[in-house]
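start00.pdb follows; it contains PDB, C-alpha atoms.
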```pdb
ATOM      1  CA  MET A 411     103.284 110.023 136.636
ATOM      2  CA  LYS A 412     100.976 109.954 133.661
ATOM      3  CA  SER A 413      97.696 111.828 133.876
ATOM      4  CA  PRO A 414      94.446 109.810 133.606
ATOM      5  CA  ALA A 415      93.914 111.140 130.073
ATOM      6  CA  THR A 416      97.404 110.106 129.027
ATOM      7  CA  LYS A 417      96.897 106.678 130.570
ATOM      8  CA  ASN A 418      93.667 106.234 128.623
ATOM      9  CA  ILE A 419      95.377 107.139 125.359
ATOM     10  CA  SER A 420      98.228 104.733 126.129
ATOM     11  CA  LEU A 421      95.786 101.926 126.863
ATOM     12  CA  SER A 422      93.890 102.638 123.659
ATOM     13  CA  LEU A 423      97.103 102.627 121.656
ATOM     14  CA  SER A 424      98.069  99.312 123.188
ATOM     15  CA  ALA A 425      94.689  97.878 122.272
ATOM     16  CA  LEU A 426      95.038  99.244 118.752
ATOM     17  CA  GLY A 427      98.649  98.170 118.395
ATOM     18  CA  ILE A 428      97.767  95.059 116.413
ATOM     19  CA  VAL A 429      94.611  96.479 114.849
ATOM     20  CA  GLY A 430      96.617  97.388 111.781
ATOM     21  CA  THR A 431      98.113  93.917 111.570
ATOM     22  CA  LEU A 432      95.513  92.799 109.044
ATOM     23  CA  LEU A 433      96.647  95.440 106.586
ATOM     24  CA  LEU A 434     100.223  95.926 107.701
ATOM     25  CA  THR A 435     101.457  92.349 107.857
ATOM     26  CA  GLY A 436     104.501  91.893 105.661
ATOM     27  CA  CYS A 437     104.277  89.484 102.778
ATOM     28  CA  SER A 438     107.438  87.449 103.314
ATOM     29  CA  THR A 439     106.031  83.956 103.776
ATOM     30  CA  GLN A 440     107.207  80.493 102.871
ATOM     31  CA  SER A 441     105.404  77.239 102.273
ATOM     32  CA  GLU A 442     105.824  74.050 100.304
ATOM     33  CA  GLU A 443     105.944  73.851  96.507
ATOM     34  CA  PRO A 444     102.745  74.933  94.674
ATOM     35  CA  LYS A 445     100.084  72.273  94.438
ATOM     36  CA  ALA A 446      97.834  71.471  91.525
ATOM     37  CA  PRO A 447      94.269  72.796  92.055
ATOM     38  CA  LYS A 448      92.003  70.217  93.632
ATOM     39  CA  GLU A 449      88.927  69.017  91.823
ATOM     40  CA  PRO A 450      85.699  69.976  93.637
ATOM     41  CA  ALA A 451      84.364  67.090  95.674
ATOM     42  CA  ALA A 452      80.730  66.201  96.150
ATOM     43  CA  GLU A 453      79.039  68.108  98.969
ATOM     44  CA  ILE A 454      79.091  66.177 102.213
ATOM     45  CA  GLU A 455      77.277  66.760 105.482
ATOM     46  CA  ALA A 456      77.662  70.257 106.918
ATOM     47  CA  PRO A 457      80.422  70.381 109.559
ATOM     48  CA  ALA A 458      79.589  70.736 113.247
ATOM     49  CA  GLU A 459      81.979  73.679 113.483
ATOM     50  CA  VAL A 460      84.384  75.778 111.448
ATOM     51  CA  HIS A 461      87.411  77.685 112.672
ATOM     52  CA  VAL A 462      88.022  81.269 111.576
ATOM     53  CA  SER A 463      91.355  82.976 112.177
ATOM     54  CA  GLY A 464      91.408  86.760 112.194
ATOM     55  CA  PRO A 465      93.181  89.714 113.811
ATOM     56  CA  ALA A 466      91.927  92.467 116.091
ATOM     57  CA  SER A 467      90.911  94.547 113.089
ATOM     58  CA  PRO A 468      87.654  95.893 111.633
ATOM     59  CA  PRO A 469      87.206  93.028 109.092
ATOM     60  CA  SER A 470      86.907  90.621 112.030
ATOM     61  CA  LEU A 471      83.812  92.433 113.341
ATOM     62  CA  PRO A 472      81.375  90.811 110.892
ATOM     63  CA  ILE A 473      82.730  87.419 111.957
ATOM     64  CA  LEU A 474      81.977  88.211 115.601
ATOM     65  CA  ARG A 475      78.494  89.313 114.590
ATOM     66  CA  MET A 476      78.032  86.023 112.733
ATOM     67  CA  ILE A 477      78.921  84.143 115.908
ATOM     68  CA  GLU A 478      76.387  86.152 117.940
ATOM     69  CA  THR A 479      73.588  85.435 115.485
ATOM     70  CA  ASP A 480      74.409  81.762 114.781
ATOM     71  CA  ALA A 481      74.718  82.760 111.140
ATOM     72  CA  LEU A 482      75.624  79.255 109.952
ATOM     73  CA  GLY A 483      72.797  77.531 111.772
ATOM     74  CA  GLU A 484      73.889  74.169 113.144
ATOM     75  CA  THR A 485      77.520  74.852 112.212
ATOM     76  CA  ASP A 486      79.280  76.661 115.048
ATOM     77  CA  ILE A 487      81.882  79.329 114.271
ATOM     78  CA  VAL A 488      85.016  79.276 116.422
ATOM     79  CA  PHE A 489      87.018  82.509 116.219
ATOM     80  CA  GLU A 490      90.765  82.309 116.788
ATOM     81  CA  ARG A 491      92.762  85.530 116.883
ATOM     82  CA  TRP A 492      96.119  85.806 115.128
ATOM     83  CA  GLU A 493      98.604  88.475 116.130
ATOM     84  CA  SER A 494     101.603  87.866 113.859
ATOM     85  CA  ALA A 495     102.523  86.675 110.394
ATOM     86  CA  ASP A 496     103.802  83.443 111.892
ATOM     87  CA  GLN A 497     100.464  82.757 113.603
ATOM     88  CA  LEU A 498      98.607  83.533 110.391
ATOM     89  CA  THR A 499     100.823  81.185 108.394
ATOM     90  CA  ALA A 500     100.375  78.472 111.018
ATOM     91  CA  ALA A 501      96.591  78.819 110.743
ATOM     92  CA  VAL A 502      96.697  78.576 106.960
ATOM     93  CA  THR A 503      99.072  75.623 106.770
ATOM     94  CA  GLY A 504      97.280  73.936 109.673
ATOM     95  CA  GLY A 505      94.055  73.674 107.703
ATOM     96  CA  THR A 506      91.985  76.373 109.426
ATOM     97  CA  GLU A 507      88.829  76.647 107.338
ATOM     98  CA  PHE A 508      88.651  80.454 107.034
ATOM     99  CA  VAL A 509      91.247  83.196 107.583
ATOM    100  CA  ALA A 510      91.088  86.981 107.330
ATOM    101  CA  ALA A 511      94.292  88.397 105.849
ATOM    102  CA  PRO A 512      95.792  91.022 103.523
ATOM    103  CA  LEU A 513      95.218  90.129  99.893
ATOM    104  CA  THR A 514      98.949  90.207  99.196
ATOM    105  CA  THR A 515      99.656  87.802 102.052
ATOM    106  CA  GLY A 516      96.963  85.380 100.888
ATOM    107  CA  ALA A 517      98.274  85.474  97.338
ATOM    108  CA  THR A 518     101.845  84.885  98.503
ATOM    109  CA  LEU A 519     100.824  81.933 100.662
ATOM    110  CA  ALA A 520      98.816  80.428  97.810
ATOM    111  CA  GLN A 521     101.729  80.828  95.402
ATOM    112  CA  GLY A 522     103.912  79.096  97.981
ATOM    113  CA  GLY A 523     101.654  76.046  97.963
ATOM    114  CA  ALA A 524      99.094  76.790 100.669
ATOM    115  CA  ASP A 525      95.653  75.310  99.993
ATOM    116  CA  LEU A 526      93.967  78.700  99.931
ATOM    117  CA  GLN A 527      91.316  80.456  97.851
ATOM    118  CA  LEU A 528      89.936  83.975  98.081
ATOM    119  CA  LEU A 529      86.368  83.945  99.412
ATOM    120  CA  ASN A 530      85.623  87.663  99.600
ATOM    121  CA  VAL A 531      87.149  91.136  99.805
ATOM    122  CA  SER A 532      86.188  92.891 103.009
ATOM    123  CA  ALA A 533      88.539  95.877 103.350
ATOM    124  CA  TRP A 534      88.766  98.719 100.844
ATOM    125  CA  ALA A 535      91.100 101.737 101.043
ATOM    126  CA  VAL A 536      91.156 101.903 104.842
ATOM    127  CA  MET A 537      94.458 103.776 105.021
ATOM    128  CA  GLY A 538      95.077 107.424 105.748
ATOM    129  CA  LEU A 539      97.857 109.984 105.922
ATOM    130  CA  VAL A 540      97.663 111.960 109.155
ATOM    131  CA  THR A 541      99.729 115.097 109.678
ATOM    132  CA  ASN A 542      99.959 118.027 112.052
ATOM    133  CA  ASP A 543     102.434 119.858 109.827
ATOM    134  CA  ASP A 544     100.762 123.131 108.798
ATOM    135  CA  VAL A 545     102.684 123.127 105.512
ATOM    136  CA  ILE A 546     101.023 119.927 104.268
ATOM    137  CA  GLU A 547      97.565 120.389 102.777
ATOM    138  CA  THR A 548      97.821 118.228  99.645
ATOM    139  CA  ILE A 549      99.982 115.372  98.361
ATOM    140  CA  ASP A 550     102.124 117.791  96.382
ATOM    141  CA  ASP A 551     103.062 119.511  99.662
ATOM    142  CA  LEU A 552     104.912 116.327 100.655
ATOM    143  CA  ALA A 553     107.807 117.309  98.373
ATOM    144  CA  GLY A 554     110.938 117.671 100.482
ATOM    145  CA  GLN A 555     109.251 116.100 103.511
ATOM    146  CA  THR A 556     109.856 112.936 105.510
ATOM    147  CA  ILE A 557     106.822 110.737 106.052
ATOM    148  CA  TYR A 558     106.549 107.716 108.308
ATOM    149  CA  VAL A 559     104.836 104.564 107.076
ATOM    150  CA  ALA A 560     103.562 101.742 109.268
ATOM    151  CA  MET A 561     105.655  98.740 108.248
ATOM    152  CA  ARG A 562     107.805  98.149 105.179
ATOM    153  CA  ALA A 563     106.472  95.881 102.394
ATOM    154  CA  SER A 564     102.896  96.221 103.606
ATOM    155  CA  ALA A 565      99.758  97.110 101.669
ATOM    156  CA  VAL A 566     100.034 100.629 103.078
ATOM    157  CA  ASP A 567     103.668 100.922 101.987
ATOM    158  CA  TYR A 568     103.010  99.704  98.448
ATOM    159  CA  THR A 569      99.975 101.940  97.969
ATOM    160  CA  MET A 570     101.722 105.023  99.347
ATOM    161  CA  GLN A 571     104.661 104.482  97.010
ATOM    162  CA  LEU A 572     102.353 104.068  94.006
ATOM    163  CA  VAL A 573     100.570 107.317  94.868
ATOM    164  CA  LEU A 574     103.870 109.172  95.264
ATOM    165  CA  ALA A 575     105.046 107.838  91.910
ATOM    166  CA  ALA A 576     101.832 108.999  90.261
ATOM    167  CA  HIS A 577     102.615 112.525  91.507
ATOM    168  CA  ASP A 578     106.286 112.298  90.445
ATOM    169  CA  LEU A 579     107.321 112.537  94.085
ATOM    170  CA  THR A 580     109.283 109.302  94.450
ATOM    171  CA  ASP A 581     112.638 111.079  94.634
ATOM    172  CA  ASP A 582     111.324 114.076  96.574
ATOM    173  CA  VAL A 583     109.800 112.347  99.602
ATOM    174  CA  THR A 584     111.768 110.437 102.208
ATOM    175  CA  ILE A 585     110.006 107.377 103.651
ATOM    176  CA  GLU A 586     110.904 106.078 107.096
ATOM    177  CA  TYR A 587     109.280 102.964 108.553
ATOM    178  CA  VAL A 588     107.769 102.458 111.998
ATOM    179  CA  ASP A 589     105.852  99.581 113.540
ATOM    180  CA  PRO A 590     102.069  99.837 113.950
ATOM    181  CA  LEU A 591     102.283 100.556 117.697
ATOM    182  CA  ASN A 592     105.303 102.844 117.979
ATOM    183  CA  GLY A 593     104.266 105.007 115.038
ATOM    184  CA  PRO A 594     101.085 106.348 116.651
ATOM    185  CA  GLU A 595     102.881 106.787 119.977
ATOM    186  CA  GLN A 596     105.616 108.803 118.289
ATOM    187  CA  PHE A 597     103.025 110.897 116.464
ATOM    188  CA  LEU A 598     101.126 111.739 119.651
ATOM    189  CA  ALA A 599     104.418 112.503 121.423
ATOM    190  CA  GLY A 600     105.327 114.996 118.694
ATOM    191  CA  GLN A 601     108.360 113.006 117.562
ATOM    192  CA  ILE A 602     107.019 112.634 114.022
ATOM    193  CA  SER A 603     104.602 114.885 112.188
ATOM    194  CA  THR A 604     103.261 112.768 109.306
ATOM    195  CA  LEU A 605     102.189 109.136 109.554
ATOM    196  CA  VAL A 606     100.569 106.752 107.066
ATOM    197  CA  THR A 607      98.560 104.026 108.760
ATOM    198  CA  VAL A 608      95.107 102.393 108.779
ATOM    199  CA  GLU A 609      91.747 102.713 110.475
ATOM    200  CA  PRO A 610      90.893 102.857 113.294
ATOM    201  CA  GLN A 611      94.359 104.182 114.160
ATOM    202  CA  VAL A 612      93.700 107.157 111.884
ATOM    203  CA  THR A 613      90.581 108.047 113.879
ATOM    204  CA  MET A 614      92.490 107.598 117.146
ATOM    205  CA  LEU A 615      95.200 110.027 116.067
ATOM    206  CA  LEU A 616      92.741 112.636 114.819
ATOM    207  CA  ALA A 617      90.844 112.448 118.112
ATOM    208  CA  ASN A 618      93.906 112.787 120.321
ATOM    209  CA  SER A 619      96.246 115.162 118.506
ATOM    210  CA  GLU A 620      95.344 118.837 118.283
ATOM    211  CA  GLY A 621      95.686 120.115 114.744
ATOM    212  CA  ALA A 622      95.988 116.659 113.196
ATOM    213  CA  ARG A 623      94.406 116.285 109.771
ATOM    214  CA  SER A 624      93.873 113.518 107.232
ATOM    215  CA  VAL A 625      94.860 115.075 103.931
ATOM    216  CA  VAL A 626      94.836 112.263 101.335
ATOM    217  CA  ASP A 627      91.821 110.505  99.831
ATOM    218  CA  PHE A 628      93.468 107.231  98.849
ATOM    219  CA  GLU A 629      90.367 105.894  97.143
ATOM    220  CA  ALA A 630      90.303 108.920  94.825
ATOM    221  CA  GLU A 631      94.056 108.684  94.298
ATOM    222  CA  TRP A 632      93.712 105.022  93.340
ATOM    223  CA  ARG A 633      91.051 105.746  90.747
ATOM    224  CA  GLU A 634      93.231 108.503  89.311
ATOM    225  CA  LEU A 635      96.446 106.510  89.071
ATOM    226  CA  THR A 636      94.730 103.438  87.600
ATOM    227  CA  ASP A 637      92.391 105.446  85.365
ATOM    228  CA  SER A 638      89.641 103.140  86.544
ATOM    229  CA  ALA A 639      86.425 103.293  88.548
ATOM    230  CA  LEU A 640      87.418 100.095  90.371
ATOM    231  CA  PRO A 641      87.902 100.538  94.134
ATOM    232  CA  LEU A 642      91.135  99.851  96.033
ATOM    233  CA  PRO A 643      90.969  96.390  97.669
ATOM    234  CA  THR A 644      93.210  95.633 100.621
ATOM    235  CA  ALA A 645      92.160  92.582 102.613
ATOM    236  CA  GLY A 646      89.665  89.763 102.598
ATOM    237  CA  THR A 647      88.603  86.349 103.817
ATOM    238  CA  PHE A 648      90.232  83.198 102.467
ATOM    239  CA  VAL A 649      88.962  79.630 102.615
ATOM    240  CA  ASN A 650      90.835  76.336 102.693
ATOM    241  CA  GLY A 651      90.533  74.939  99.181
ATOM    242  CA  THR A 652      89.890  71.338 100.206
ATOM    243  CA  PHE A 653      87.208  72.443 102.638
ATOM    244  CA  ALA A 654      85.554  74.629  99.991
ATOM    245  CA  GLY A 655      85.458  71.658  97.619
ATOM    246  CA  GLU A 656      83.913  69.330 100.176
ATOM    247  CA  HIS A 657      81.606  71.909 101.770
ATOM    248  CA  ALA A 658      80.659  74.236  98.939
ATOM    249  CA  GLU A 659      77.311  75.107 100.504
ATOM    250  CA  THR A 660      78.905  75.993 103.842
ATOM    251  CA  ALA A 661      81.496  78.192 102.118
ATOM    252  CA  LYS A 662      78.730  79.931 100.188
ATOM    253  CA  ALA A 663      76.667  80.381 103.361
ATOM    254  CA  PHE A 664      79.677  81.868 105.141
ATOM    255  CA  ARG A 665      80.260  84.358 102.332
ATOM    256  CA  GLU A 666      76.616  85.431 102.289
ATOM    257  CA  ALA A 667      76.400  85.653 106.085
ATOM    258  CA  TYR A 668      79.577  87.738 106.210
ATOM    259  CA  ALA A 669      78.119  90.252 103.738
ATOM    260  CA  GLU A 670      74.953  90.522 105.827
ATOM    261  CA  ALA A 671      76.946  90.940 109.043
ATOM    262  CA  ALA A 672      79.151  93.600 107.441
ATOM    263  CA  GLU A 673      76.034  95.547 106.527
ATOM    264  CA  TRP A 674      74.908  95.313 110.158
ATOM    265  CA  VAL A 675      78.271  96.676 111.350
ATOM    266  CA  ALA A 676      77.939  99.648 108.998
ATOM    267  CA  GLU A 677      74.435 100.405 110.246
ATOM    268  CA  HIS A 678      75.155  99.876 113.962
ATOM    269  CA  PRO A 679      78.542 101.505 114.712
ATOM    270  CA  ASP A 680      77.946 101.894 118.451
ATOM    271  CA  GLU A 681      76.908  98.260 118.930
ATOM    272  CA  ALA A 682      79.758  97.100 116.707
ATOM    273  CA  GLY A 683      82.187  99.214 118.708
ATOM    274  CA  GLN A 684      80.995  97.587 121.896
ATOM    275  CA  LEU A 685      81.369  94.149 120.295
ATOM    276  CA  ALA A 686      84.951  95.030 119.355
ATOM    277  CA  ASN A 687      85.617  96.088 122.923
ATOM    278  CA  GLU A 688      84.112  92.965 124.488
ATOM    279  CA  LYS A 689      85.671  90.416 122.137
ATOM    280  CA  LEU A 690      88.879  92.050 120.920
ATOM    281  CA  GLY A 691      89.754  94.629 123.558
ATOM    282  CA  MET A 692      89.515  97.485 121.064
ATOM    283  CA  PRO A 693      88.350 100.911 122.369
ATOM    284  CA  ALA A 694      84.621 101.080 121.605
ATOM    285  CA  PRO A 695      84.324 104.867 120.960
ATOM    286  CA  ILE A 696      87.229 104.893 118.516
ATOM    287  CA  VAL A 697      85.977 101.827 116.641
ATOM    288  CA  ALA A 698      82.464 103.300 116.465
ATOM    289  CA  ALA A 699      83.819 106.604 115.140
ATOM    290  CA  SER A 700      85.935 104.852 112.515
ATOM    291  CA  ILE A 701      83.178 102.610 111.129
ATOM    292  CA  PRO A 702      81.530 105.327 108.956
ATOM    293  CA  LYS A 703      84.937 105.950 107.348
ATOM    294  CA  ILE A 704      85.300 102.322 106.236
ATOM    295  CA  SER A 705      83.628 100.669 103.256
ATOM    296  CA  TRP A 706      81.715  97.640 104.520
ATOM    297  CA  GLU A 707      80.731  96.237 101.139
ATOM    298  CA  ALA A 708      81.860  92.617 101.294
ATOM    299  CA  GLN A 709      82.194  91.414  97.713
ATOM    300  CA  GLY A 710      82.507  87.755  96.801
ATOM    301  CA  ALA A 711      85.738  86.765  95.068
ATOM    302  CA  ALA A 712      84.146  86.495  91.626
ATOM    303  CA  GLU A 713      82.625  89.974  91.898
ATOM    304  CA  ALA A 714      85.778  91.519  93.350
ATOM    305  CA  LYS A 715      88.138  89.768  90.906
ATOM    306  CA  PRO A 716      88.529  92.704  88.456
ATOM    307  CA  ALA A 717      89.487  95.077  91.271
ATOM    308  CA  VAL A 718      91.827  92.534  92.875
ATOM    309  CA  GLU A 719      93.525  91.727  89.564
ATOM    310  CA  LEU A 720      94.064  95.419  88.883
ATOM    311  CA  TYR A 721      95.532  95.838  92.366
ATOM    312  CA  PHE A 722      97.818  92.829  91.977
ATOM    313  CA  THR A 723      98.910  93.991  88.513
ATOM    314  CA  GLN A 724      99.924  97.396  89.841
ATOM    315  CA  LEU A 725     101.947  95.794  92.620
ATOM    316  CA  PHE A 726     103.434  93.035  90.453
ATOM    317  CA  GLU A 727     104.938  95.490  87.973
ATOM    318  CA  THR A 728     107.182  96.948  90.675
ATOM    319  CA  TRP A 729     107.224  94.346  93.454
ATOM    320  CA  PRO A 730     106.634  90.815  92.028
ATOM    321  CA  GLU A 731     107.368  89.363  95.457
ATOM    322  CA  SER A 732     104.336  91.180  96.883
ATOM    323  CA  VAL A 733     102.017  88.579  95.302
ATOM    324  CA  GLY A 734     104.351  85.604  95.538
ATOM    325  CA  GLY A 735     106.307  86.128  92.332
ATOM    326  CA  ALA A 736     103.468  85.469  89.877
ATOM    327  CA  MET A 737      99.946  86.651  89.263
ATOM    328  CA  PRO A 738      97.370  84.309  90.865
ATOM    329  CA  GLU A 739      95.577  81.921  88.540
ATOM    330  CA  ALA A 740      91.811  81.833  88.047
ATOM    331  CA  SER A 741      91.506  79.006  90.614
ATOM    332  CA  PHE A 742      92.630  81.450  93.320
ATOM    333  CA  TYR A 743      89.213  83.107  93.163
ATOM    334  CA  LEU A 744      86.435  80.944  94.618
ATOM    335  CA  GLN A 745      83.412  81.016  92.333
TER     336      GLN A 745
END
```

Turn this file's structure into structure tokens for me.
Amino acid sequence: MKSPATKNISLSLSALGIVGTLLLTGCSTQSEEPKAPKEPAAEIEAPAEVHVSGPASPPSLPILRMIETDALGETDIVFERWESADQLTAAVTGGTEFVAAPLTTGATLAQGGADLQLLNVSAWAVMGLVTNDDVIETIDDLAGQTIYVAMRASAVDYTMQLVLAAHDLTDDVTIEYVDPLNGPEQFLAGQISTLVTVEPQVTMLLANSEGARSVVDFEAEWRELTDSALPLPTAGTFVNGTFAGEHAETAKAFREAYAEAAEWVAEHPDEAGQLANEKLGMPAPIVAASIPKISWEAQGAAEAKPAVELYFTQLFETWPESVGGAMPEASFYLQ
């Protein structure tokens, strides 16, 4: 029989099992042939409601805050949770007005013909490498080691491989892949010693594994390997292109309200943790503890474009399929 403490950890892991989905979703998606960009339509009456599809992940917290505060005034926000790539694709192709997703997934869907534009970037460098191996103190100590990465062909996988390449460790480090739920369970059970995953799973592992340490600053590594001061973007909010053309003011209001709500999350970690628990079933203490480790600067697509283009360029050079086989055009970024 499991002890109460073990049960609590297991329940928390279950709740966090799909938390990483936003950043760990694979990018293999299909849609119809690419469409020509739509011409902006004249603004029409604000809609009575908009639907927002997002996962049980930190970037969904500002959306929940927006709902609590009636951020769009007379336009109601209806939040619909997605838990798989198939559900995300269904939301996008079904005309859902706003979706939260990995940047690579959004780009791939758009290249495949989905009517999708980037509204903002809301997640920056939220990954971490957690280890309880005493030998590993720096990236260079990974030489000759096996590390476990949460999901192949994910943002975490691509970024980890780029960092290893920058340190000339590609041939010296063995990568094994685990799913977002089993990886943390295996780590806590002592079956694996080094795991690359995302917040708030990183915080969960550090809190529940004696001797566990986070030894890589991926934001600093990104700046070093790109020789740029631009931050590492990972995920964001996308808007249906037709909707954005017909309701430009609503799309703008959503973007501005999201930025304000993200600032509130950063300043109120305990309240935001409780909101995550009530609405998404995420463990409040872990979410609250992880919030200070996450950048909550929500940048509009136009502002974030240089960082996103740099990110896509780095990925495209090695994995063209990661962004749908071609670099997104200017129309991908909502002005």

Starting from the shown file, work through the PyMOL selection byres ((chain A and resi 456) around 8) and note down what comes out as a ChimeraX atom specification. /A:454-455,457-458,485,657,660

Specify as an NGL selection string each residue included when the PyMOL selection byres ((chain A and resi 583) around 12) is applied to this file. :A and (549-559 or 570-571 or 573-575 or 577-582 or 584-586 or 604)

Deliver the residues from the most recent selection as a file, using C-alpha atoms, as a PDB file, in the coordinates of the input.
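Resulting contents of selection_38.pdb:
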```
ATOM      1  CA  ILE A 549      99.982 115.372  98.361  1.00  0.00           C
ATOM      2  CA  ASP A 550     102.124 117.791  96.382  1.00  0.00           C
ATOM      3  CA  ASP A 551     103.062 119.511  99.662  1.00  0.00           C
ATOM      4  CA  LEU A 552     104.912 116.327 100.655  1.00  0.00           C
ATOM      5  CA  ALA A 553     107.807 117.309  98.373  1.00  0.00           C
ATOM      6  CA  GLY A 554     110.938 117.671 100.482  1.00  0.00           C
ATOM      7  CA  GLN A 555     109.251 116.100 103.511  1.00  0.00           C
ATOM      8  CA  THR A 556     109.856 112.936 105.510  1.00  0.00           C
ATOM      9  CA  ILE A 557     106.822 110.737 106.052  1.00  0.00           C
ATOM     10  CA  TYR A 558     106.549 107.716 108.308  1.00  0.00           C
ATOM     11  CA  VAL A 559     104.836 104.564 107.076  1.00  0.00           C
ATOM     12  CA  MET A 570     101.722 105.023  99.347  1.00  0.00           C
ATOM     13  CA  GLN A 571     104.661 104.482  97.010  1.00  0.00           C
ATOM     14  CA  VAL A 573     100.570 107.317  94.868  1.00  0.00           C
ATOM     15  CA  LEU A 574     103.870 109.172  95.264  1.00  0.00           C
ATOM     16  CA  ALA A 575     105.046 107.838  91.910  1.00  0.00           C
ATOM     17  CA  HIS A 577     102.615 112.525  91.507  1.00  0.00           C
ATOM     18  CA  ASP A 578     106.286 112.298  90.445  1.00  0.00           C
ATOM     19  CA  LEU A 579     107.321 112.537  94.085  1.00  0.00           C
ATOM     20  CA  THR A 580     109.283 109.302  94.450  1.00  0.00           C
ATOM     21  CA  ASP A 581     112.638 111.079  94.634  1.00  0.00           C
ATOM     22  CA  ASP A 582     111.324 114.076  96.574  1.00  0.00           C
ATOM     23  CA  THR A 584     111.768 110.437 102.208  1.00  0.00           C
ATOM     24  CA  ILE A 585     110.006 107.377 103.651  1.00  0.00           C
ATOM     25  CA  GLU A 586     110.904 106.078 107.096  1.00  0.00           C
ATOM     26  CA  THR A 604     103.261 112.768 109.306  1.00  0.00           C
TER      27      THR A 604
END
```

At a cut-off of 12 Å, can you tabulate as a tab-separated table every residue of segment 530-590 of chain A near segment 664-682 of chain A together with its closest atom pair and the distance in Å to one decimal, using only C-alpha atoms and ordering rows by chain then number?
```
residue	atom	partner	partner_atom	distance
A:Asn530	CA	A:Arg665	CA	6.9
A:Val531	CA	A:Ala669	CA	9.9
A:Ser532	CA	A:Ala672	CA	8.3
A:Ala533	CA	A:Ala672	CA	10.5
```

List the residues selected by the PyMOL selection byres ((chain A and resi 704) around 9) in the file shown, writing them as a PyMOL selection string. chain A and resi 468+533-536+609+676+700-703+705-706

Please compute the atom CA of Gly504 of chain A-atom CA of Pro738 of chain A distance, one decimal, in Å.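 So the two atoms, atom CA of Gly504 of chain A and atom CA of Pro738 of chain A, lie 21.5 Å apart.
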
Top pick for closest residue to Glu634 of chain A, considering A:Phe722, A:Gly651, A:Ala576, A:Ala622 and counting only C-alpha atoms: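 For Glu634 of chain A, the nearest of the given residues is A:Ala576.
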
As an exercise, work out the distance from atom CA of Thr728 of chain A to atom CA of Thr569 of chain A in Å and give it to one decimal place. 11.4 Å

Provide the atom CA of Met614 of chain A to atom CA of Gln709 of chain A distance in Å, to one decimal place. 27.3 Å

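For the choices A:Ala686, A:Met692, A:Val697, A:Ala717, the atom-to-atom distance to Ile473 of chain A is smallest for A:Ala686 when using all atoms listed in the file.
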
Which of these, A:Gly621, A:Gly691, A:Pro472, A:Pro594, has the shortest distance to Thr541 of chain A once you count all atoms listed in the file? A:Gly621

Out of A:Thr506, A:Thr644, A:Thr723, A:Thr652, which residue has the shortest atom-to-atom distance to His461 of chain A when counting all atoms listed in the file? A:Thr506
